[in-house]
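Student: Structure file final.pdb (PDB, C-alpha atoms) right here:
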ATOM      1  CA  MET C 804     -28.366 -31.575  -1.201
ATOM      2  CA  ASN C 805     -29.289 -31.565  -4.859
ATOM      3  CA  ASN C 806     -26.821 -29.313  -6.676
ATOM      4  CA  ARG C 807     -29.469 -28.426  -9.276
ATOM      5  CA  ASN C 808     -30.901 -25.938  -6.764
ATOM      6  CA  ILE C 809     -27.540 -24.144  -6.565
ATOM      7  CA  ASN C 810     -26.583 -21.740  -9.341
ATOM      8  CA  ILE C 811     -23.039 -20.338  -9.636
ATOM      9  CA  ARG C 812     -23.021 -17.079 -11.605
ATOM     10  CA  LYS C 813     -21.349 -13.696 -12.005
ATOM     11  CA  GLY C 814     -22.210 -11.214  -9.284
ATOM     12  CA  ASN C 815     -24.033  -8.029 -10.274
ATOM     13  CA  TYR C 816     -25.330  -4.772  -8.795
ATOM     14  CA  SER C 817     -28.599  -6.317  -7.622
ATOM     15  CA  ASP C 818     -26.522  -8.646  -5.384
ATOM     16  CA  ILE C 819     -24.590  -5.894  -3.595
ATOM     17  CA  ASP C 820     -26.494  -5.997  -0.277
ATOM     18  CA  ALA C 821     -26.243  -9.787  -0.067
ATOM     19  CA  ILE C 822     -22.553  -9.807  -1.058
ATOM     20  CA  ALA C 823     -21.673  -7.101   1.498
ATOM     21  CA  ASN C 824     -23.479  -8.975   4.267
ATOM     22  CA  LEU C 825     -21.565 -12.159   3.420
ATOM     23  CA  ILE C 826     -18.122 -10.566   3.068
ATOM     24  CA  TYR C 827     -18.559  -8.490   6.245
ATOM     25  CA  PHE C 828     -18.280 -11.647   8.339
ATOM     26  CA  THR C 829     -15.012 -12.783   6.700
ATOM     27  CA  GLU C 830     -13.079 -10.291   8.844
ATOM     28  CA  VAL C 831     -12.486 -10.480  12.593
ATOM     29  CA  ASN C 832     -12.561  -6.661  12.883
ATOM     30  CA  PRO C 833     -14.569  -5.374   9.876
ATOM     31  CA  GLY C 834     -14.320  -1.738  11.015
ATOM     32  CA  ASP C 835     -10.498  -1.911  10.841
ATOM     33  CA  VAL C 836     -10.711  -3.124   7.241
ATOM     34  CA  TRP C 837     -13.550  -1.002   5.829
ATOM     35  CA  GLY C 838     -13.868   1.838   8.337
ATOM     36  CA  GLY C 839     -17.060   2.912  10.056
ATOM     37  CA  GLU C 840     -18.075   3.456  13.657
ATOM     38  CA  SER C 841     -20.940   0.942  13.466
ATOM     39  CA  LYS C 842     -21.838  -2.200  11.550
ATOM     40  CA  GLU C 843     -24.200  -0.152   9.368
ATOM     41  CA  GLU C 844     -21.474   2.381   8.469
ATOM     42  CA  THR C 845     -18.967  -0.383   7.759
ATOM     43  CA  LEU C 846     -21.454  -2.173   5.506
ATOM     44  CA  GLU C 847     -22.132   1.071   3.611
ATOM     45  CA  ASN C 848     -18.381   1.546   3.056
ATOM     46  CA  LEU C 849     -18.104  -2.037   1.825
ATOM     47  CA  LYS C 850     -21.075  -1.616  -0.530
ATOM     48  CA  THR C 851     -19.405   1.483  -2.002
ATOM     49  CA  LEU C 852     -16.273  -0.578  -2.715
ATOM     50  CA  ILE C 853     -18.342  -3.361  -4.307
ATOM     51  CA  LYS C 854     -19.888  -0.745  -6.637
ATOM     52  CA  THR C 855     -16.465   0.727  -7.509
ATOM     53  CA  LYS C 856     -14.729  -0.600 -10.626
ATOM     54  CA  GLU C 857     -11.180   0.140  -9.386
ATOM     55  CA  SER C 858     -11.627  -1.811  -6.158
ATOM     56  CA  ARG C 859     -10.563  -5.288  -5.110
ATOM     57  CA  TYR C 860     -14.193  -5.825  -4.029
ATOM     58  CA  SER C 861     -15.721  -4.824  -7.387
ATOM     59  CA  THR C 862     -18.514  -6.966  -8.828
ATOM     60  CA  ASP C 863     -16.155  -7.397 -11.815
ATOM     61  CA  TYR C 864     -14.313  -9.994  -9.707
ATOM     62  CA  ILE C 865     -17.210 -11.517  -7.763
ATOM     63  CA  THR C 866     -18.988 -14.807  -8.404
ATOM     64  CA  VAL C 867     -22.025 -15.742  -6.313
ATOM     65  CA  ALA C 868     -23.770 -18.955  -5.383
ATOM     66  CA  GLU C 869     -27.552 -18.824  -5.444
ATOM     67  CA  LEU C 870     -29.829 -21.268  -3.677
ATOM     68  CA  ASP C 871     -33.479 -21.025  -4.706
ATOM     69  CA  ASN C 872     -32.798 -17.531  -6.163
ATOM     70  CA  LYS C 873     -31.170 -16.272  -2.946
ATOM     71  CA  VAL C 874     -27.456 -15.381  -2.803
ATOM     72  CA  VAL C 875     -25.889 -17.647  -0.169
ATOM     73  CA  GLY C 876     -22.222 -17.519  -1.143
ATOM     74  CA  ALA C 877     -19.656 -15.265  -2.788
ATOM     75  CA  ILE C 878     -16.059 -15.538  -3.940
ATOM     76  CA  ILE C 879     -13.728 -12.775  -5.140
ATOM     77  CA  LEU C 880     -11.175 -13.836  -7.778
ATOM     78  CA  ILE C 881      -8.414 -11.399  -8.761
ATOM     79  CA  PRO C 882      -5.671 -12.034 -11.347
ATOM     80  CA  TYR C 883      -2.130 -11.609  -9.968
ATOM     81  CA  ASP C 884      -1.294  -8.804 -12.391
ATOM     82  CA  LYS C 885      -4.249  -6.680 -11.215
ATOM     83  CA  LEU C 886      -3.973  -7.298  -7.465
ATOM     84  CA  ASP C 887      -1.434  -4.613  -6.468
ATOM     85  CA  LYS C 888      -3.131  -1.830  -8.438
ATOM     86  CA  LEU C 889      -6.579  -2.761  -7.107
ATOM     87  CA  SER C 890      -5.238  -3.046  -3.544
ATOM     88  CA  ILE C 891      -3.628   0.407  -3.699
ATOM     89  CA  GLU C 892      -6.780   1.980  -5.209
ATOM     90  CA  THR C 893      -8.908   0.303  -2.527
ATOM     91  CA  CYS C 894      -6.539   1.446   0.214
ATOM     92  CA  LEU C 895      -6.690   5.059  -0.977
ATOM     93  CA  LYS C 896     -10.501   4.988  -1.090
ATOM     94  CA  GLN C 897     -10.701   3.393   2.359
ATOM     95  CA  PHE C 898      -8.213   5.765   3.983
ATOM     96  CA  ASN C 899     -10.767   8.596   3.861
ATOM     97  CA  THR C 900     -13.456   6.544   5.607
ATOM     98  CA  ILE C 901     -11.290   5.805   8.656
ATOM     99  CA  GLU C 902     -11.656   8.112  11.650
ATOM    100  CA  GLY C 903      -8.734   9.211  13.837
ATOM    101  CA  ILE C 904      -4.987   9.470  13.264
ATOM    102  CA  SER C 905      -4.005   6.265  15.092
ATOM    103  CA  GLU C 906      -6.671   4.278  13.200
ATOM    104  CA  LYS C 907      -5.387   5.679   9.884
ATOM    105  CA  VAL C 908      -1.774   4.796  10.784
ATOM    106  CA  TYR C 909      -2.814   1.257  11.790
ATOM    107  CA  TYR C 910      -4.756   0.875   8.521
ATOM    108  CA  VAL C 911      -1.793   1.983   6.370
ATOM    109  CA  ILE C 912       0.682  -0.300   8.192
ATOM    110  CA  ASN C 913      -1.698  -3.249   7.930
ATOM    111  CA  SER C 914      -2.290  -2.611   4.216
ATOM    112  CA  LEU C 915       1.429  -2.256   3.483
ATOM    113  CA  LYS C 916       2.091  -5.536   5.266
ATOM    114  CA  TYR C 917       0.065  -7.407   2.639
ATOM    115  CA  LEU C 918       1.668  -5.534  -0.263
ATOM    116  CA  ILE C 919       5.176  -6.232   1.033
ATOM    117  CA  PHE C 920       4.810  -9.933   1.787
ATOM    118  CA  ARG C 921       2.806 -10.641  -1.414
ATOM    119  CA  GLU C 922      -0.634 -12.160  -0.925
ATOM    120  CA  CYS C 923      -0.494 -13.926  -4.269
ATOM    121  CA  ARG C 924       2.165 -15.940  -6.069
ATOM    122  CA  ARG C 925       3.236 -14.554  -9.445
ATOM    123  CA  GLY C 926       1.121 -16.055 -12.240
ATOM    124  CA  ASN C 927      -1.659 -17.190  -9.898
ATOM    125  CA  LEU C 928      -5.327 -16.342  -9.544
ATOM    126  CA  TYR C 929      -5.949 -14.887  -6.091
ATOM    127  CA  ILE C 930      -8.957 -15.729  -3.936
ATOM    128  CA  ALA C 931      -9.390 -12.449  -2.040
ATOM    129  CA  ASN C 932     -12.512 -13.488  -0.102
ATOM    130  CA  ILE C 933     -14.896 -16.407   0.082
ATOM    131  CA  ALA C 934     -18.028 -16.436   2.201
ATOM    132  CA  THR C 935     -21.125 -18.544   2.640
ATOM    133  CA  SER C 936     -24.329 -17.786   4.478
ATOM    134  CA  GLU C 937     -24.742 -19.400   7.889
ATOM    135  CA  SER C 938     -28.170 -20.621   6.772
ATOM    136  CA  ALA C 939     -26.548 -22.562   3.924
ATOM    137  CA  ARG C 940     -23.585 -24.073   5.818
ATOM    138  CA  GLY C 941     -23.007 -27.768   5.313
ATOM    139  CA  LEU C 942     -24.412 -27.742   1.774
ATOM    140  CA  GLY C 943     -21.005 -27.779   0.081
ATOM    141  CA  ILE C 944     -21.368 -24.252  -1.294
ATOM    142  CA  GLY C 945     -17.869 -23.193  -0.214
ATOM    143  CA  LYS C 946     -16.410 -26.226  -1.956
ATOM    144  CA  MET C 947     -18.478 -25.506  -5.092
ATOM    145  CA  LEU C 948     -17.155 -21.928  -5.197
ATOM    146  CA  MET C 949     -13.593 -23.225  -4.797
ATOM    147  CA  MET C 950     -14.120 -25.692  -7.660
ATOM    148  CA  HIS C 951     -15.454 -22.826  -9.771
ATOM    149  CA  ALA C 952     -12.290 -20.800  -8.973
ATOM    150  CA  GLU C 953     -10.113 -23.700 -10.093
ATOM    151  CA  LYS C 954     -12.050 -24.036 -13.363
ATOM    152  CA  VAL C 955     -11.604 -20.313 -14.032
ATOM    153  CA  ALA C 956      -7.890 -20.459 -13.189
ATOM    154  CA  LYS C 957      -7.291 -23.412 -15.504
ATOM    155  CA  ARG C 958      -9.403 -21.950 -18.319
ATOM    156  CA  GLU C 959      -7.506 -18.656 -18.131
ATOM    157  CA  GLU C 960      -4.178 -20.512 -17.899
ATOM    158  CA  PHE C 961      -3.040 -19.381 -14.473
ATOM    159  CA  GLU C 962      -0.282 -21.474 -12.891
ATOM    160  CA  GLY C 963      -2.320 -22.024  -9.726
ATOM    161  CA  ILE C 964      -4.345 -20.332  -7.002
ATOM    162  CA  SER C 965      -3.170 -18.384  -3.945
ATOM    163  CA  LEU C 966      -5.184 -17.359  -0.888
ATOM    164  CA  LEU C 967      -4.901 -16.383   2.760
ATOM    165  CA  ALA C 968      -6.497 -18.464   5.516
ATOM    166  CA  LYS C 969      -7.667 -16.523   8.569
ATOM    167  CA  ASN C 970      -6.934 -19.270  11.076
ATOM    168  CA  GLU C 971      -6.133 -22.950  11.560
ATOM    169  CA  LYS C 972      -9.765 -24.062  11.141
ATOM    170  CA  VAL C 973     -10.038 -22.286   7.784
ATOM    171  CA  SER C 974      -6.659 -23.625   6.631
ATOM    172  CA  LYS C 975      -7.879 -27.179   7.323
ATOM    173  CA  PHE C 976     -10.778 -26.595   4.900
ATOM    174  CA  TYR C 977      -8.288 -25.604   2.183
ATOM    175  CA  GLU C 978      -5.942 -28.477   3.011
ATOM    176  CA  LYS C 979      -8.797 -30.897   2.281
ATOM    177  CA  LEU C 980      -8.912 -29.336  -1.200
ATOM    178  CA  ASN C 981      -5.138 -29.950  -1.637
ATOM    179  CA  TYR C 982      -3.903 -26.451  -0.866
ATOM    180  CA  ASN C 983      -0.508 -26.232   0.866
ATOM    181  CA  LYS C 984       0.724 -23.739   3.458
ATOM    182  CA  ILE C 985       3.575 -21.755   1.965
ATOM    183  CA  PHE C 986       3.783 -19.044   4.634
ATOM    184  CA  ASP C 987       2.636 -19.216   8.264
ATOM    185  CA  ARG C 988       3.948 -16.471  10.534
ATOM    186  CA  VAL C 989       2.829 -13.711  12.848
ATOM    187  CA  LEU C 990       3.201 -10.302  11.178
ATOM    188  CA  LEU C 991       2.550  -7.176  13.262
ATOM    189  CA  GLY C 992       0.617  -9.199  15.832
ATOM    190  CA  GLU C 993      -1.560 -11.046  13.302
ATOM    191  CA  ARG C 994      -1.105 -14.618  12.138
ATOM    192  CA  VAL C 995      -0.894 -14.797   8.360
ATOM    193  CA  ILE C 996      -1.372 -18.169   6.652
ATOM    194  CA  LYS C 997      -0.704 -18.050   2.908
ATOM    195  CA  MET C 998      -1.758 -21.117   0.945
ATOM    196  CA  ALA C 999      -1.473 -22.131  -2.689
ATOM    197  CA  LYS C1000      -2.320 -24.883  -5.124
ATOM    198  CA  ALA C1001      -0.319 -25.359  -8.306
ATOM    199  CA  PHE C1002      -1.767 -26.918 -11.471
TER     200      PHE C1002
END
Spell out the structure here as C-alpha cells.
Tutor:
Amino acid sequence: MNNRNINIRKGNYSDIDAIANLIYFTEVNPGDVWGGESKEETLENLKTLIKTKESRYSTDYITVAELDNKVVGAIILIPYDKLDKLSIETCLKQFNTIEGISEKVYYVINSLKYLIFRECRRGNLYIANIATSESARGLGIGKMLMMHAEKVAKREEFEGISLLAKNEKVSKFYEKLNYNKIFDRVLLGERVIKMAKAF
C-alpha cells in the first residue's frame, strides 16, 4: 500500500457519521456504553457525544485516517489532566439516554470502575479509542494512527501513552508496538488490560 493515498488529519463535524460507525464497533456491547434500544439509537447517542465539546468523544480529540478521501480510521487522544473531567461529563450525559433502573445502575458501576482504577497513567496521553474500517484492514492504518499518537505525545511532552486493550488479540497488536501490560485483571466480570509505553 502506498502511504501517499492515506491522509492523517484532525477530525471535524463532516466526519461524524463515519467516526461514529467506526467507534461503534470498538465495544462488545455498544448499547451498554452509549445507551439505545437499537443500533440506530446507539449510533445517534454516540454522534451526539462526538458533537459535544465536553465529551471524551468530542471531535476536539479525534484524528482520522482518510483513504482516497474516505474516512477509514479514527483515534481519540485525551490528555491525562482532562480525562477525569471529560469522563464524568460524558457519564452524566449518557446516564439520561439509558433506559431502566438496572441498566442505569450497571452503567454507573461500570463507569466508576474506570475512574477508580485509573485508565491513564499520570502525565500520559490516553488513547481512548482506535478503530479502522473493515474494508481497509491490513493496510497498516491502525499502526499509522498509533505512530501519529506517539508523535503528538512526544511533541506535547507527555511522559508516555496509556490505553486499554479489549482482549488478548488486541493486546498483541500493541505489544508489537512496544507497549507493556501494566494491569491485567477481571473487574466486575470484565477483563481489563491496561497497557502503556514510556518515552
Student: For each of C:Ser858, C:Ser938, C:Asn927, C:Asn815, take the minimum atom-to-atom distance to C:Ala999, counting all atoms listed in the file, then give the residue where this is smallest.
Tutor: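 Counting all atoms listed in the file, the residue closest to C:Ala999 is C:Asn927.
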Student: For C:Ala968, find every residue with an atom within 8 Å (counting only C-alpha atoms), except residues of its own chain fewer than 4 positions away, and show them as a list in words.
Tutor: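 Contacts, in chain order: Val973, Ser974, Val995, Ile996, Lys997 and Met998 of chain C.
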Student: For the PyMOL selection byres ((chain C and resi 961) around 7), applied here, can you spell out every residue it catches as a PDB file with C-alpha atoms, keeping the file's coordinate frame?
Tutor:
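Final output, result_7.pdb:
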ATOM      1  CA  GLY C 926       1.121 -16.055 -12.240  1.00  0.00           C
ATOM      2  CA  ASN C 927      -1.659 -17.190  -9.898  1.00  0.00           C
ATOM      3  CA  LEU C 928      -5.327 -16.342  -9.544  1.00  0.00           C
ATOM      4  CA  ALA C 956      -7.890 -20.459 -13.189  1.00  0.00           C
ATOM      5  CA  LYS C 957      -7.291 -23.412 -15.504  1.00  0.00           C
ATOM      6  CA  GLU C 959      -7.506 -18.656 -18.131  1.00  0.00           C
ATOM      7  CA  GLU C 960      -4.178 -20.512 -17.899  1.00  0.00           C
ATOM      8  CA  GLU C 962      -0.282 -21.474 -12.891  1.00  0.00           C
ATOM      9  CA  GLY C 963      -2.320 -22.024  -9.726  1.00  0.00           C
TER      10      GLY C 963
END
Student: Take the PyMOL selection byres ((chain C and resi 847) around 12), apply it to the structure above, and return the hits as an MDAnalysis selection string.
Tutor: chainID C and resid 819:820 822:824 827 833:834 837:846 848:854 897 900
Student: Could those selected residues go to a file with C-alpha atoms, as a PDB file, keeping the file's coordinate frame?
Tutor:
ATOM      1  CA  ILE C 819     -24.590  -5.894  -3.595  1.00  0.00           C
ATOM      2  CA  ASP C 820     -26.494  -5.997  -0.277  1.00  0.00           C
ATOM      3  CA  ILE C 822     -22.553  -9.807  -1.058  1.00  0.00           C
ATOM      4  CA  ALA C 823     -21.673  -7.101   1.498  1.00  0.00           C
ATOM      5  CA  ASN C 824     -23.479  -8.975   4.267  1.00  0.00           C
ATOM      6  CA  TYR C 827     -18.559  -8.490   6.245  1.00  0.00           C
ATOM      7  CA  PRO C 833     -14.569  -5.374   9.876  1.00  0.00           C
ATOM      8  CA  GLY C 834     -14.320  -1.738  11.015  1.00  0.00           C
ATOM      9  CA  TRP C 837     -13.550  -1.002   5.829  1.00  0.00           C
ATOM     10  CA  GLY C 838     -13.868   1.838   8.337  1.00  0.00           C
ATOM     11  CA  GLY C 839     -17.060   2.912  10.056  1.00  0.00           C
ATOM     12  CA  GLU C 840     -18.075   3.456  13.657  1.00  0.00           C
ATOM     13  CA  SER C 841     -20.940   0.942  13.466  1.00  0.00           C
ATOM     14  CA  LYS C 842     -21.838  -2.200  11.550  1.00  0.00           C
ATOM     15  CA  GLU C 843     -24.200  -0.152   9.368  1.00  0.00           C
ATOM     16  CA  GLU C 844     -21.474   2.381   8.469  1.00  0.00           C
ATOM     17  CA  THR C 845     -18.967  -0.383   7.759  1.00  0.00           C
ATOM     18  CA  LEU C 846     -21.454  -2.173   5.506  1.00  0.00           C
ATOM     19  CA  ASN C 848     -18.381   1.546   3.056  1.00  0.00           C
ATOM     20  CA  LEU C 849     -18.104  -2.037   1.825  1.00  0.00           C
ATOM     21  CA  LYS C 850     -21.075  -1.616  -0.530  1.00  0.00           C
ATOM     22  CA  THR C 851     -19.405   1.483  -2.002  1.00  0.00           C
ATOM     23  CA  LEU C 852     -16.273  -0.578  -2.715  1.00  0.00           C
ATOM     24  CA  ILE C 853     -18.342  -3.361  -4.307  1.00  0.00           C
ATOM     25  CA  LYS C 854     -19.888  -0.745  -6.637  1.00  0.00           C
ATOM     26  CA  GLN C 897     -10.701   3.393   2.359  1.00  0.00           C
ATOM     27  CA  THR C 900     -13.456   6.544   5.607  1.00  0.00           C
TER      28      THR C 900
END
Student: What would the selection look like, as an NGL selection string, if the PyMOL selection byres ((chain C and resi 950-954) around 10) were run on the coordinates I just shared?
Tutor: :C and (811-812 or 866 or 878-880 or 928-930 or 944-949 or 955-961 or 963-964 or 980 or 1000 or 1002)
Student: Find the residues near C:Ser936: any atom within 7 Å, counting only C-alpha atoms, skip ones fewer than 5 places away on the same chain, and give them as a VMD selection string.
Tutor: chain C and resid 825 875 to 876
Student: Taking 6 positions as the minimum chain separation for residues in the same chain, which residues sit within 12 Å of C:Tyr909 when counting only C-alpha atoms? Answer as a list of chain:residue names.
Tutor: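 Everything that qualifies: C:Gly834, C:Asp835, C:Val836, C:Gly838, C:Phe898, C:Ile901, C:Glu902, C:Gly903, C:Leu915, C:Lys916, C:Leu991, C:Gly992.
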Student: Using Å and a single decimal, report how far atom CA of C:Tyr864 sits from atom CA of C:Leu889.
Tutor: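 Atom-to-atom, atom CA of C:Leu889 and atom CA of C:Tyr864 are spaced 10.9 Å apart.
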Student: Between atom CA of C:Lys969 and atom CA of C:Gly814, measure the distance and give it in Å to one decimal.
Tutor: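 Atom CA of C:Gly814 lies 23.6 Å from atom CA of C:Lys969.
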Student: Nearest residue to C:Ile865 out of C:Lys896, C:Lys907, C:Lys972, C:Lys813, using all atoms listed in the file?
Tutor: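 Of all the options, C:Lys813 lies closest to C:Ile865.
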Student: Looking at C:Arg925, C:Val874, C:Cys894, C:Glu978, which one is nearest to C:Asn913, with distances taken over all atoms listed in the file?
Tutor: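 Smallest distance to C:Asn913 is found for C:Cys894.
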Student: Which value, in Å to one decimal, gives the distance between atom CA of C:Ile826 and atom CA of C:Ser905?
Tutor: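 Value for the atom CA of C:Ile826-atom CA of C:Ser905 distance: 25.0 Å.
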